[in-house]
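Working notes, structure below.
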Amino acid sequence: MDKFVVRLPREDTPKESKIQQKVYKQTTIESLRRVVVIEDIMRYKSMLELPEQSRDNLLQALTELSKKIPSREVLKSTKIGHIVNKMRKHLDPEVSSLARKIYTDWRTFIEENSNKPSIEVRCDKQSETLRNNARRLMADALEVKEDCGLTDNIEREVFHQNSRLVSSSYRRTIRALVFAFRHKPEIRSKVKDSKISVNQLVSKYKK
């Protein structure tokens with residue numbers, strides 16, 4: 001018996017259509033405007049208070065502050081509202097304009113939402129003790145007062161660049177800075193005379 005091969009027409013297989021899927025960015029709790037990390041507020045405050053601070057650094061600090069709405073209690077305890085208010089009179093028009101906007105936004109929000117709670121994130125006591133010791137060591141090496149805004153600004157930048165952790169990297173960076181301040185007069189002089197930015201300084205000695 002003859003065998004026949006019956007060929008059936010091939011069905012067109014539909015090509016998989018590339019559907020554009022919307023990419024969602026994960027929201028972290030710290031990205032919410034009403035969640036305030038006190039350390040960040042104090043870091044930006046320190047940047048704004050530092051004498052002869054560069055315009056770019058002032059704008060950076062103000063831009064980050066504009067993303068947050070501190071509670072009335074945080075404004076009082078950190079005095080960040082007072083500092084931003086002073087920035088409204090800054091000679092640079094862009095700095096003063098941004099400061100005015102932040103001050104107005106904060107005041108308006110607090111007046112309209114005074115009963116709404118906010119979330120504050122603070123550093124633990126053990127970390128604060130270690131950080132205060134780091135500031136004291138740097139102040140001694142720089143030959144400035146312990147409450148000097150410069151050492152506070154440097155320490156907060158070290159803490160920030162180490163993901164807000166008093167880690168081994170944090171400790172090594174502090175030790176490297178203290179050594180440089182004590183044994184390299186030219187570095188000590190540049191830092192005290194604001195010839196090198198705090199961000200550049202910390203990045204240079206980060207371990």
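Scheme for the structure tokens: letters A, B, ... for chains in order shown; per-chain residue numbers from 1; ligand numbers from 1 in order shown.
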
Surrounding residues of Ile174 (chain A) excluding itself and chain neighbours under 6 positions, 12 Å, only C-alpha atoms, as a VMD selection string: chain A and resid 130 to 139 141 151 154 to 159 161 to 162 166 to 168 180 to 181 201 to 207

Those same residues, written as a compact mmCIF listing (two decimals), in the first residue's frame with N, CA, C and O atoms?
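Printed below is part_13.txt as written:
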# COMPACT_ATOMS: atom_id res chain seq x y z
N LEU A 130 30.48 58.24 69.86
CA LEU A 130 31.63 58.00 69.00
C LEU A 130 31.86 59.17 68.04
O LEU A 130 33.00 59.57 67.80
N ARG A 131 30.78 59.73 67.55
CA ARG A 131 30.90 60.84 66.61
C ARG A 131 31.39 62.11 67.31
O ARG A 131 32.18 62.88 66.74
N ASN A 132 30.94 62.32 68.53
CA ASN A 132 31.43 63.47 69.30
C ASN A 132 32.92 63.34 69.58
O ASN A 132 33.66 64.34 69.55
N ASN A 133 33.38 62.12 69.84
CA ASN A 133 34.81 61.89 70.05
C ASN A 133 35.60 62.21 68.78
O ASN A 133 36.70 62.76 68.83
N ALA A 134 35.02 61.84 67.63
CA ALA A 134 35.68 62.11 66.34
C ALA A 134 35.80 63.62 66.13
O ALA A 134 36.84 64.11 65.69
N ARG A 135 34.75 64.36 66.45
CA ARG A 135 34.80 65.83 66.31
C ARG A 135 35.85 66.44 67.23
O ARG A 135 36.57 67.36 66.85
N ARG A 136 35.94 65.89 68.44
CA ARG A 136 36.91 66.39 69.41
C ARG A 136 38.34 66.15 68.93
O ARG A 136 39.21 67.03 69.05
N LEU A 137 38.60 64.97 68.38
CA LEU A 137 39.93 64.65 67.86
C LEU A 137 40.31 65.58 66.70
O LEU A 137 41.44 66.06 66.61
N MET A 138 39.36 65.82 65.80
CA MET A 138 39.65 66.69 64.66
C MET A 138 39.84 68.14 65.08
O MET A 138 40.69 68.84 64.53
N ALA A 139 39.06 68.58 66.06
CA ALA A 139 39.21 69.95 66.56
C ALA A 139 40.59 70.14 67.17
O ALA A 139 41.25 71.16 66.95
N ALA A 141 43.31 68.39 66.43
CA ALA A 141 44.31 68.33 65.36
C ALA A 141 44.32 69.61 64.52
O ALA A 141 45.38 70.04 64.05
N THR A 151 34.61 71.54 62.12
CA THR A 151 34.76 70.12 62.47
C THR A 151 33.42 69.41 62.43
O THR A 151 33.36 68.24 62.05
N ILE A 154 32.76 68.69 58.76
CA ILE A 154 33.63 67.61 58.26
C ILE A 154 33.13 66.25 58.74
O ILE A 154 33.01 65.30 57.96
N GLU A 155 32.83 66.16 60.04
CA GLU A 155 32.38 64.88 60.60
C GLU A 155 31.07 64.43 59.96
O GLU A 155 30.90 63.24 59.64
N ARG A 156 30.16 65.36 59.76
CA ARG A 156 28.87 65.00 59.16
C ARG A 156 29.04 64.54 57.71
O ARG A 156 28.32 63.66 57.24
N GLU A 157 30.02 65.12 57.03
CA GLU A 157 30.29 64.69 55.65
C GLU A 157 30.88 63.28 55.64
O GLU A 157 30.54 62.46 54.77
N VAL A 158 31.77 62.99 56.59
CA VAL A 158 32.33 61.64 56.71
C VAL A 158 31.21 60.63 56.98
O VAL A 158 31.14 59.56 56.36
N PHE A 159 30.34 60.97 57.91
CA PHE A 159 29.21 60.12 58.27
C PHE A 159 28.31 59.89 57.06
O PHE A 159 27.88 58.77 56.78
N GLN A 161 29.13 60.14 53.80
CA GLN A 161 29.81 59.35 52.77
C GLN A 161 29.98 57.88 53.17
O GLN A 161 30.34 57.05 52.34
N ASN A 162 29.73 57.59 54.44
CA ASN A 162 29.78 56.20 54.90
C ASN A 162 28.38 55.66 55.18
O ASN A 162 28.19 54.83 56.09
N VAL A 166 28.60 54.39 61.61
CA VAL A 166 29.90 54.50 62.26
C VAL A 166 30.60 53.16 62.02
O VAL A 166 30.72 52.32 62.91
N SER A 167 31.03 52.97 60.80
CA SER A 167 31.62 51.70 60.36
C SER A 167 33.14 51.75 60.48
O SER A 167 33.72 52.76 60.89
N SER A 168 33.78 50.65 60.08
CA SER A 168 35.25 50.62 60.09
C SER A 168 35.79 51.64 59.10
O SER A 168 36.83 52.26 59.33
N ALA A 180 46.37 63.76 59.02
CA ALA A 180 46.71 64.81 58.05
C ALA A 180 46.70 66.19 58.70
O ALA A 180 47.59 67.01 58.45
N PHE A 181 45.71 66.45 59.55
CA PHE A 181 45.62 67.75 60.21
C PHE A 181 46.81 67.99 61.15
O PHE A 181 47.30 69.11 61.27
N LEU A 201 37.66 67.27 50.54
CA LEU A 201 38.57 66.84 51.60
C LEU A 201 38.23 65.42 52.05
O LEU A 201 39.12 64.55 52.11
N VAL A 202 36.98 65.19 52.37
CA VAL A 202 36.56 63.87 52.87
C VAL A 202 36.72 62.81 51.79
O VAL A 202 37.18 61.69 52.06
N SER A 203 36.37 63.14 50.56
CA SER A 203 36.51 62.18 49.45
C SER A 203 37.98 61.78 49.27
O SER A 203 38.28 60.62 48.94
N LYS A 204 38.87 62.74 49.47
CA LYS A 204 40.30 62.48 49.31
C LYS A 204 40.84 61.51 50.35
O LYS A 204 41.68 60.65 50.04
N TYR A 205 40.34 61.61 51.58
CA TYR A 205 40.87 60.79 52.67
C TYR A 205 39.96 59.61 53.05
O TYR A 205 40.25 58.91 54.00
N LYS A 206 38.90 59.40 52.29
CA LYS A 206 37.99 58.30 52.61
C LYS A 206 38.70 56.97 52.42
O LYS A 206 39.32 56.72 51.40
N LYS A 207 38.60 56.12 53.41
CA LYS A 207 39.29 54.82 53.41
C LYS A 207 38.30 53.67 53.27
O LYS A 207 37.23 53.71 53.80

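From CA of Arg88 (chain A) back to CA of Arg100 (chain A), the distance works out to 5.3 Å.
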
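Proximity ranking of A:Ile102, A:Val95, A:Met42, A:Val84 relative to Lys67 (chain A) places A:Ile102 first, based on only C-alpha atoms.
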
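Our summary of the geometry notes that CA of Asn153 (chain A) is positioned 8.9 Å from CA of Tyr44 (chain A).
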
Selection near region 56-66 of chain A, 8 Å with only C-alpha atoms, sequence-local residues under 5 positions removed, as a PyMOL selection string: chain A and resi 41+44-45+47-48+94-95+98-99+102
